[in-house]
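*Asks:* So that you have it, the file is model_28.pdb, and it contains PDB, C-alpha atoms:
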```pdb
ATOM      1  CA  LEU A   1      31.695  -7.733 -20.658  1.00  0.00           C
ATOM      2  CA  TRP A   2      31.552 -10.010 -23.694  1.00  0.00           C
ATOM      3  CA  ASN A   3      34.940 -11.468 -22.716  1.00  0.00           C
ATOM      4  CA  LEU A   4      33.840 -12.234 -19.159  1.00  0.00           C
ATOM      5  CA  ASP A   5      34.612 -15.837 -18.219  1.00  0.00           C
ATOM      6  CA  LEU A   6      31.543 -16.748 -16.212  1.00  0.00           C
ATOM      7  CA  ASP A   7      32.880 -20.147 -15.236  1.00  0.00           C
ATOM      8  CA  ALA A   8      35.917 -18.506 -13.624  1.00  0.00           C
ATOM      9  CA  LEU A   9      33.870 -16.508 -11.109  1.00  0.00           C
ATOM     10  CA  SER A  10      34.652 -17.339  -7.490  1.00  0.00           C
ATOM     11  CA  ASP A  11      31.905 -18.420  -5.090  1.00  0.00           C
ATOM     12  CA  ALA A  12      32.099 -15.021  -3.393  1.00  0.00           C
ATOM     13  CA  GLU A  13      31.635 -13.209  -6.724  1.00  0.00           C
ATOM     14  CA  TYR A  14      28.782 -15.537  -7.669  1.00  0.00           C
ATOM     15  CA  ASN A  15      26.997 -14.911  -4.372  1.00  0.00           C
ATOM     16  CA  LYS A  16      27.429 -11.157  -4.865  1.00  0.00           C
ATOM     17  CA  VAL A  17      25.780 -11.391  -8.289  1.00  0.00           C
ATOM     18  CA  ARG A  18      22.840 -13.315  -6.806  1.00  0.00           C
ATOM     19  CA  GLU A  19      22.483 -10.815  -3.952  1.00  0.00           C
ATOM     20  CA  ASN A  20      22.484  -7.762  -6.204  1.00  0.00           C
ATOM     21  CA  ILE A  21      20.211  -9.175  -8.925  1.00  0.00           C
ATOM     22  CA  GLN A  22      17.432  -9.743  -6.370  1.00  0.00           C
ATOM     23  CA  LYS A  23      17.346  -6.156  -5.101  1.00  0.00           C
ATOM     24  CA  PRO A  24      14.110  -4.256  -5.954  1.00  0.00           C
ATOM     25  CA  ASP A  25      16.056  -1.401  -7.590  1.00  0.00           C
ATOM     26  CA  PHE A  26      17.401  -3.903 -10.144  1.00  0.00           C
ATOM     27  CA  GLU A  27      13.980  -5.094 -11.348  1.00  0.00           C
ATOM     28  CA  GLU A  28      13.876  -4.869 -15.157  1.00  0.00           C
ATOM     29  CA  GLY A  29      10.303  -3.647 -15.501  1.00  0.00           C
ATOM     30  CA  ARG A  30      11.009  -0.848 -13.082  1.00  0.00           C
ATOM     31  CA  LEU A  31      14.132   0.271 -14.955  1.00  0.00           C
ATOM     32  CA  ARG A  32      12.408   0.011 -18.309  1.00  0.00           C
ATOM     33  CA  THR A  33       9.392   2.106 -17.359  1.00  0.00           C
ATOM     34  CA  SER A  34      11.455   4.745 -15.572  1.00  0.00           C
ATOM     35  CA  GLY A  35      13.416   5.457 -18.736  1.00  0.00           C
ATOM     36  CA  GLN A  36      16.728   4.341 -17.276  1.00  0.00           C
ATOM     37  CA  SER A  37      19.441   3.984 -19.909  1.00  0.00           C
ATOM     38  CA  VAL A  38      20.906   1.067 -17.969  1.00  0.00           C
ATOM     39  CA  TYR A  39      17.947  -1.193 -18.865  1.00  0.00           C
ATOM     40  CA  PRO A  40      19.887  -3.207 -21.506  1.00  0.00           C
ATOM     41  CA  LEU A  41      22.672  -3.785 -18.982  1.00  0.00           C
ATOM     42  CA  ALA A  42      20.113  -4.972 -16.424  1.00  0.00           C
ATOM     43  CA  VAL A  43      18.799  -7.517 -18.947  1.00  0.00           C
ATOM     44  CA  TYR A  44      22.343  -8.714 -19.624  1.00  0.00           C
ATOM     45  CA  CYS A  45      23.142  -9.063 -15.923  1.00  0.00           C
ATOM     46  CA  ARG A  46      19.938 -10.977 -15.314  1.00  0.00           C
ATOM     47  CA  GLY A  47      20.951 -13.368 -18.099  1.00  0.00           C
ATOM     48  CA  VAL A  48      24.329 -13.803 -16.414  1.00  0.00           C
ATOM     49  CA  ALA A  49      22.600 -14.648 -13.143  1.00  0.00           C
ATOM     50  CA  GLU A  50      20.337 -17.158 -14.886  1.00  0.00           C
ATOM     51  CA  TYR A  51      23.306 -18.874 -16.516  1.00  0.00           C
ATOM     52  CA  LEU A  52      25.297 -19.058 -13.300  1.00  0.00           C
ATOM     53  CA  TYR A  53      22.378 -20.378 -11.302  1.00  0.00           C
ATOM     54  CA  VAL A  54      21.713 -23.197 -13.754  1.00  0.00           C
ATOM     55  CA  ALA A  55      25.394 -23.929 -14.426  1.00  0.00           C
ATOM     56  CA  ARG A  56      26.113 -24.382 -10.729  1.00  0.00           C
ATOM     57  CA  GLY A  57      23.452 -27.018 -10.323  1.00  0.00           C
ATOM     58  CA  ASN A  58      20.669 -25.003  -8.705  1.00  0.00           C
ATOM     59  CA  VAL A  59      17.026 -24.917  -9.735  1.00  0.00           C
ATOM     60  CA  ALA A  60      16.025 -23.874 -13.218  1.00  0.00           C
ATOM     61  CA  SER A  61      15.862 -20.119 -12.658  1.00  0.00           C
ATOM     62  CA  ALA A  62      17.775 -17.620 -10.541  1.00  0.00           C
ATOM     63  CA  VAL A  63      15.058 -14.986 -10.513  1.00  0.00           C
ATOM     64  CA  PRO A  64      11.308 -14.861 -11.107  1.00  0.00           C
ATOM     65  CA  ASP A  65      10.241 -14.858 -14.743  1.00  0.00           C
ATOM     66  CA  THR A  66       8.786 -11.353 -14.731  1.00  0.00           C
ATOM     67  CA  ASP A  67       7.099  -9.954 -17.802  1.00  0.00           C
ATOM     68  CA  PRO A  68       8.222  -6.286 -17.911  1.00  0.00           C
ATOM     69  CA  VAL A  69       4.857  -5.271 -19.385  1.00  0.00           C
ATOM     70  CA  ALA A  70       2.964  -6.971 -16.545  1.00  0.00           C
ATOM     71  CA  ALA A  71       5.310  -5.806 -13.800  1.00  0.00           C
ATOM     72  CA  PRO A  72       3.823  -3.340 -11.286  1.00  0.00           C
ATOM     73  CA  LEU A  73       5.369   0.111 -11.113  1.00  0.00           C
ATOM     74  CA  PHE A  74       6.921   1.457  -7.926  1.00  0.00           C
ATOM     75  CA  ASN A  75       8.383   4.727  -6.744  1.00  0.00           C
ATOM     76  CA  ALA A  76      11.361   4.123  -4.450  1.00  0.00           C
ATOM     77  CA  GLY A  77      10.764   7.488  -2.804  1.00  0.00           C
ATOM     78  CA  GLU A  78       7.449   6.324  -1.386  1.00  0.00           C
ATOM     79  CA  HIS A  79       9.153   3.741   0.830  1.00  0.00           C
ATOM     80  CA  LEU A  80       6.346   1.256   0.319  1.00  0.00           C
ATOM     81  CA  THR A  81       6.700  -2.331   1.457  1.00  0.00           C
ATOM     82  CA  PHE A  82       4.674  -5.228   0.103  1.00  0.00           C
ATOM     83  CA  THR A  83       3.636  -8.403   1.926  1.00  0.00           C
ATOM     84  CA  PRO A  84       4.012 -10.821   0.270  1.00  0.00           C
ATOM     85  CA  ASP A  85       6.904  -9.224  -1.626  1.00  0.00           C
ATOM     86  CA  ILE A  86       5.504  -8.698  -5.120  1.00  0.00           C
ATOM     87  CA  ARG A  87       8.842  -7.235  -6.230  1.00  0.00           C
ATOM     88  CA  ARG A  88      10.182 -10.795  -6.353  1.00  0.00           C
ATOM     89  CA  MET A  89       7.237 -12.394  -8.146  1.00  0.00           C
ATOM     90  CA  GLY A  90       6.848 -13.542 -11.710  1.00  0.00           C
ATOM     91  CA  ALA A  91       3.878 -12.679 -13.941  1.00  0.00           C
ATOM     92  CA  ASP A  92       1.878 -15.763 -12.936  1.00  0.00           C
ATOM     93  CA  GLN A  93       2.254 -14.964  -9.245  1.00  0.00           C
ATOM     94  CA  LEU A  94       1.422 -11.286  -9.778  1.00  0.00           C
ATOM     95  CA  ALA A  95      -1.907 -12.345 -11.281  1.00  0.00           C
ATOM     96  CA  ALA A  96      -3.052 -13.901  -7.998  1.00  0.00           C
ATOM     97  CA  VAL A  97      -1.532 -12.330  -4.864  1.00  0.00           C
ATOM     98  CA  GLU A  98      -3.284 -13.467  -1.697  1.00  0.00           C
ATOM     99  CA  GLU A  99      -3.975 -10.963   1.100  1.00  0.00           C
ATOM    100  CA  LEU A 100      -1.649  -8.292  -0.276  1.00  0.00           C
ATOM    101  CA  THR A 101      -0.603  -5.672   2.276  1.00  0.00           C
ATOM    102  CA  VAL A 102       0.928  -2.378   1.145  1.00  0.00           C
ATOM    103  CA  SER A 103       2.580  -0.430   3.963  1.00  0.00           C
ATOM    104  CA  ARG A 104       4.490   2.724   4.683  1.00  0.00           C
ATOM    105  CA  SER A 105       6.386   2.423   7.958  1.00  0.00           C
ATOM    106  CA  ASN A 106       4.788   4.269  10.883  1.00  0.00           C
ATOM    107  CA  VAL A 107       2.288   5.898   8.499  1.00  0.00           C
ATOM    108  CA  ALA A 108      -0.314   3.421   7.265  1.00  0.00           C
ATOM    109  CA  SER A 109      -1.017   0.007   5.782  1.00  0.00           C
ATOM    110  CA  VAL A 110      -3.695  -1.333   3.466  1.00  0.00           C
ATOM    111  CA  GLN A 111      -4.511  -5.039   3.395  1.00  0.00           C
ATOM    112  CA  PHE A 112      -6.405  -6.080   0.271  1.00  0.00           C
ATOM    113  CA  HIS A 113      -8.543  -9.101   1.047  1.00  0.00           C
ATOM    114  CA  GLY A 114      -8.711 -12.194  -1.105  1.00  0.00           C
ATOM    115  CA  VAL A 115      -6.751 -12.628  -4.321  1.00  0.00           C
ATOM    116  CA  THR A 116      -5.503  -9.493  -6.091  1.00  0.00           C
ATOM    117  CA  ASP A 117      -4.196  -9.173  -9.651  1.00  0.00           C
ATOM    118  CA  VAL A 118      -1.464  -6.514  -9.523  1.00  0.00           C
ATOM    119  CA  ARG A 119      -0.143  -6.954 -13.055  1.00  0.00           C
ATOM    120  CA  GLY A 120       0.440  -3.527 -14.532  1.00  0.00           C
ATOM    121  CA  VAL A 121      -0.737  -1.676 -11.406  1.00  0.00           C
ATOM    122  CA  ASP A 122       0.996   1.711 -11.182  1.00  0.00           C
ATOM    123  CA  PHE A 123       1.404   1.991  -7.405  1.00  0.00           C
ATOM    124  CA  ASP A 124       2.993   5.427  -7.888  1.00  0.00           C
ATOM    125  CA  SER A 125      -0.256   6.930  -9.110  1.00  0.00           C
ATOM    126  CA  VAL A 126      -3.000   4.775  -7.572  1.00  0.00           C
ATOM    127  CA  MET A 127      -1.886   4.698  -3.920  1.00  0.00           C
ATOM    128  CA  ARG A 128      -1.066   7.542  -1.562  1.00  0.00           C
ATOM    129  CA  LEU A 129      -0.146   6.776   2.052  1.00  0.00           C
ATOM    130  CA  GLU A 130       0.401   9.880   4.166  1.00  0.00           C
ATOM    131  CA  VAL A 131      -0.054  10.679   7.857  1.00  0.00           C
ATOM    132  CA  GLY A 132      -3.791  11.115   8.294  1.00  0.00           C
ATOM    133  CA  GLU A 133      -4.632  10.256   4.696  1.00  0.00           C
ATOM    134  CA  VAL A 134      -4.834   7.029   2.690  1.00  0.00           C
ATOM    135  CA  LEU A 135      -6.021   7.225  -0.907  1.00  0.00           C
ATOM    136  CA  VAL A 136      -6.480   4.410  -3.397  1.00  0.00           C
ATOM    137  CA  TYR A 137      -7.224   5.639  -6.921  1.00  0.00           C
ATOM    138  CA  PRO A 138      -7.205   9.363  -6.064  1.00  0.00           C
ATOM    139  CA  ASP A 139      -8.082   9.945  -9.718  1.00  0.00           C
ATOM    140  CA  ALA A 140     -11.530   8.373 -10.083  1.00  0.00           C
ATOM    141  CA  ARG A 141     -11.025   8.117 -13.846  1.00  0.00           C
ATOM    142  CA  ALA A 142      -8.288   5.520 -13.259  1.00  0.00           C
ATOM    143  CA  LYS A 143     -10.442   3.372 -10.968  1.00  0.00           C
ATOM    144  CA  PRO A 144     -11.337  -0.045 -12.428  1.00  0.00           C
ATOM    145  CA  PRO A 145     -14.683  -1.761 -11.781  1.00  0.00           C
ATOM    146  CA  LYS A 146     -15.274  -3.110  -8.271  1.00  0.00           C
ATOM    147  CA  GLY A 147     -13.318  -6.255  -7.601  1.00  0.00           C
ATOM    148  CA  GLN A 148     -10.603  -5.469 -10.144  1.00  0.00           C
ATOM    149  CA  GLY A 149      -7.103  -4.195  -9.405  1.00  0.00           C
ATOM    150  CA  LEU A 150      -7.034  -2.461  -6.020  1.00  0.00           C
ATOM    151  CA  ASN A 151     -10.713  -1.451  -6.122  1.00  0.00           C
ATOM    152  CA  LYS A 152     -11.777  -4.080  -3.604  1.00  0.00           C
ATOM    153  CA  MET A 153     -12.434  -4.795   0.061  1.00  0.00           C
ATOM    154  CA  ALA A 154      -9.506  -3.805   2.267  1.00  0.00           C
ATOM    155  CA  THR A 155      -8.580  -3.075   5.863  1.00  0.00           C
ATOM    156  CA  ILE A 156      -6.799   0.236   6.450  1.00  0.00           C
ATOM    157  CA  THR A 157      -4.629   0.884   9.505  1.00  0.00           C
ATOM    158  CA  MET A 158      -3.424   4.431  10.108  1.00  0.00           C
ATOM    159  CA  TYR A 159      -0.748   5.597  12.545  1.00  0.00           C
ATOM    160  CA  GLN A 160       0.081   8.975  14.110  1.00  0.00           C
ATOM    161  CA  CYS A 161      -3.565  10.071  14.011  1.00  0.00           C
ATOM    162  CA  TRP A 162      -3.543  11.966  17.286  1.00  0.00           C
ATOM    163  CA  PRO A 163      -6.340  14.048  18.810  1.00  0.00           C
ATOM    164  CA  PRO A 164      -5.748  17.822  18.744  1.00  0.00           C
ATOM    165  CA  PRO A 165      -3.408  18.865  21.590  1.00  0.00           C
ATOM    166  CA  ASN A 166      -6.124  20.938  23.259  1.00  0.00           C
ATOM    167  CA  GLU A 167      -8.319  17.837  23.648  1.00  0.00           C
ATOM    168  CA  ARG A 168      -6.976  16.102  26.754  1.00  0.00           C
ATOM    169  CA  VAL A 169      -8.602  12.812  25.850  1.00  0.00           C
ATOM    170  CA  HIS A 170      -5.666  10.769  27.136  1.00  0.00           C
ATOM    171  CA  LEU A 171      -6.551  11.821  30.691  1.00  0.00           C
ATOM    172  CA  ASP A 172     -10.281  11.108  30.593  1.00  0.00           C
ATOM    173  CA  ALA A 173     -11.912   7.762  29.720  1.00  0.00           C
ATOM    174  CA  ALA A 174     -15.222   9.434  28.838  1.00  0.00           C
ATOM    175  CA  ALA A 175     -13.456  11.893  26.529  1.00  0.00           C
ATOM    176  CA  GLN A 176     -11.614   9.015  24.890  1.00  0.00           C
ATOM    177  CA  GLU A 177     -14.876   7.228  24.154  1.00  0.00           C
ATOM    178  CA  ALA A 178     -16.403  10.414  22.770  1.00  0.00           C
ATOM    179  CA  TYR A 179     -13.399  10.955  20.513  1.00  0.00           C
ATOM    180  CA  LYS A 180     -13.566   7.332  19.346  1.00  0.00           C
ATOM    181  CA  GLN A 181     -17.222   7.826  18.406  1.00  0.00           C
ATOM    182  CA  LYS A 182     -16.228  10.957  16.491  1.00  0.00           C
ATOM    183  CA  ILE A 183     -13.727   8.906  14.478  1.00  0.00           C
ATOM    184  CA  ARG A 184     -16.381   6.231  13.934  1.00  0.00           C
ATOM    185  CA  LYS A 185     -18.782   8.773  12.422  1.00  0.00           C
ATOM    186  CA  MET A 186     -16.054  10.202  10.186  1.00  0.00           C
ATOM    187  CA  THR A 187     -15.245   6.681   8.979  1.00  0.00           C
ATOM    188  CA  GLU A 188     -18.851   5.738   8.317  1.00  0.00           C
ATOM    189  CA  LYS A 189     -19.385   8.935   6.301  1.00  0.00           C
ATOM    190  CA  LYS A 190     -16.867   7.488   3.881  1.00  0.00           C
ATOM    191  CA  ASN A 191     -18.956   4.292   3.606  1.00  0.00           C
ATOM    192  CA  ALA A 192     -16.326   2.345   5.532  1.00  0.00           C
ATOM    193  CA  LEU A 193     -16.633   0.075   8.549  1.00  0.00           C
ATOM    194  CA  PHE A 194     -14.962   1.438  11.702  1.00  0.00           C
ATOM    195  CA  VAL A 195     -12.926  -1.210  13.565  1.00  0.00           C
ATOM    196  CA  ASP A 196     -11.161   0.528  16.430  1.00  0.00           C
ATOM    197  CA  TYR A 197      -9.088   3.487  17.581  1.00  0.00           C
ATOM    198  CA  ASN A 198      -6.225   2.931  20.010  1.00  0.00           C
ATOM    199  CA  PHE A 199      -4.937   5.745  22.229  1.00  0.00           C
TER     200      PHE A 199
END
```
Just give me the structure as structure tokens.

*Replies:*
Amino acid sequence: LWNLDLDALSDAEYNKVRENIQKPDFEEGRLRTSGQSVYPLAVYCRGVAEYLYVARGNVASAVPDTDPVAAPLFNAGEHLTFTPDIRRMGADQLAAVEELTVSRSNVASVQFHGVTDVRGVDFDSVMRLEVGEVLVYPDARAKPPKGQGLNKMATITMYQCWPPPNERVHLDAAAQEAYKQKIRKMTEKKNALFVDYNF
């Protein structure tokens, strides 16, 4: 690798480097905290991308300037998506993410209202999105004071929360309303505001 002639790379090779370096699995903080032995190579490749991006007359940086210590932690197996995409943000942006939504496709989403500081947040341990269950800080000992981290106002949307099969609520408007009120009471017992339930 030390003998690689960076200036001799073709446009196709250069574009491939840029494409790969921006993938979430290549994020340095993630590799570092997961104990991957390829972390030094990831740092080297990121430096290559930075050099190429500047050398070819683009803006000053090919990738966000992410502080590995401040970078959030993710578990690829959880299939979480983030809007906006915090995986591509630098430390300054991670300190003030507006209206962050964390989702798991066809399972649930959580929209955190206002500005959220996600630096150092371990999403692997503080968020659990399953069918019928959404937990933020399941371990109360890890929960920060209100308003800090993910301990803040949020809107939760859950999917695949069906009535029991023996309750034929889909055939009866009155039964649907009764079931909706049941869900409302369950929600309010958790000190949350019920918004709606769609059949």

*Asks:* Quick one: distance from CA of Arg104 (chain A) to CA of Glu130 (chain A) in Å, one decimal?

*Replies:*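 Interatomic distance here is 8.3 Å.
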
*Asks:* Identify all residues satisfying the PyMOL selection byres ((chain A and resi 127) around 12) in the given file; provide them as a VMD selection string.

*Replies:* chain A and resid 73 to 75 78 80 102 to 104 108 to 110 121 to 126 128 to 130 133 to 139 142 to 143 149 to 151

*Asks:* Expressed in Å to a single decimal, how great is the separation between CA of Phe82 (chain A) and CA of Thr101 (chain A)?

*Replies:*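 We find that CA of Phe82 (chain A) and CA of Thr101 (chain A) lie 5.7 Å from each other.
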
*Asks:* Would you mind reading off the distance between CA of Gly114 (chain A) and CA of Leu100 (chain A), one decimal, in Å?

*Replies:*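 We find that CA of Gly114 (chain A) and CA of Leu100 (chain A) lie 8.1 Å from each other.
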
*Asks:* Determine, counting only C-alpha atoms, which protein, DNA and RNA residues have an atom within 10 Å of an atom of Pro84 (chain A); residues of the same chain fewer than 3 positions away are not included. Present the result as a PDB file with C-alpha atoms, keeping the file's coordinate frame.

*Replies:*
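Output saved as result_26.pdb:
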```pdb
ATOM      1  CA  THR A  81       6.700  -2.331   1.457  1.00  0.00           C
ATOM      2  CA  ARG A  87       8.842  -7.235  -6.230  1.00  0.00           C
ATOM      3  CA  ARG A  88      10.182 -10.795  -6.353  1.00  0.00           C
ATOM      4  CA  MET A  89       7.237 -12.394  -8.146  1.00  0.00           C
ATOM      5  CA  VAL A  97      -1.532 -12.330  -4.864  1.00  0.00           C
ATOM      6  CA  GLU A  98      -3.284 -13.467  -1.697  1.00  0.00           C
ATOM      7  CA  GLU A  99      -3.975 -10.963   1.100  1.00  0.00           C
ATOM      8  CA  LEU A 100      -1.649  -8.292  -0.276  1.00  0.00           C
ATOM      9  CA  THR A 101      -0.603  -5.672   2.276  1.00  0.00           C
ATOM     10  CA  VAL A 102       0.928  -2.378   1.145  1.00  0.00           C
TER      11      VAL A 102
END
```

*Asks:* What residues come out when you apply the PyMOL selection byres ((chain A and resi 180) around 12) to this file, written as a PyMOL selection string?

*Replies:* chain A and resi 161-163+169-170+173-179+181-187+194-199

*Asks:* Could you dump the residues just selected with C-alpha atoms as a PDB file, keeping the file's coordinate frame?

*Replies:*
```pdb
ATOM      1  CA  CYS A 161      -3.565  10.071  14.011  1.00  0.00           C
ATOM      2  CA  TRP A 162      -3.543  11.966  17.286  1.00  0.00           C
ATOM      3  CA  PRO A 163      -6.340  14.048  18.810  1.00  0.00           C
ATOM      4  CA  VAL A 169      -8.602  12.812  25.850  1.00  0.00           C
ATOM      5  CA  HIS A 170      -5.666  10.769  27.136  1.00  0.00           C
ATOM      6  CA  ALA A 173     -11.912   7.762  29.720  1.00  0.00           C
ATOM      7  CA  ALA A 174     -15.222   9.434  28.838  1.00  0.00           C
ATOM      8  CA  ALA A 175     -13.456  11.893  26.529  1.00  0.00           C
ATOM      9  CA  GLN A 176     -11.614   9.015  24.890  1.00  0.00           C
ATOM     10  CA  GLU A 177     -14.876   7.228  24.154  1.00  0.00           C
ATOM     11  CA  ALA A 178     -16.403  10.414  22.770  1.00  0.00           C
ATOM     12  CA  TYR A 179     -13.399  10.955  20.513  1.00  0.00           C
ATOM     13  CA  GLN A 181     -17.222   7.826  18.406  1.00  0.00           C
ATOM     14  CA  LYS A 182     -16.228  10.957  16.491  1.00  0.00           C
ATOM     15  CA  ILE A 183     -13.727   8.906  14.478  1.00  0.00           C
ATOM     16  CA  ARG A 184     -16.381   6.231  13.934  1.00  0.00           C
ATOM     17  CA  LYS A 185     -18.782   8.773  12.422  1.00  0.00           C
ATOM     18  CA  MET A 186     -16.054  10.202  10.186  1.00  0.00           C
ATOM     19  CA  THR A 187     -15.245   6.681   8.979  1.00  0.00           C
ATOM     20  CA  PHE A 194     -14.962   1.438  11.702  1.00  0.00           C
ATOM     21  CA  VAL A 195     -12.926  -1.210  13.565  1.00  0.00           C
ATOM     22  CA  ASP A 196     -11.161   0.528  16.430  1.00  0.00           C
ATOM     23  CA  TYR A 197      -9.088   3.487  17.581  1.00  0.00           C
ATOM     24  CA  ASN A 198      -6.225   2.931  20.010  1.00  0.00           C
ATOM     25  CA  PHE A 199      -4.937   5.745  22.229  1.00  0.00           C
TER      26      PHE A 199
END
```
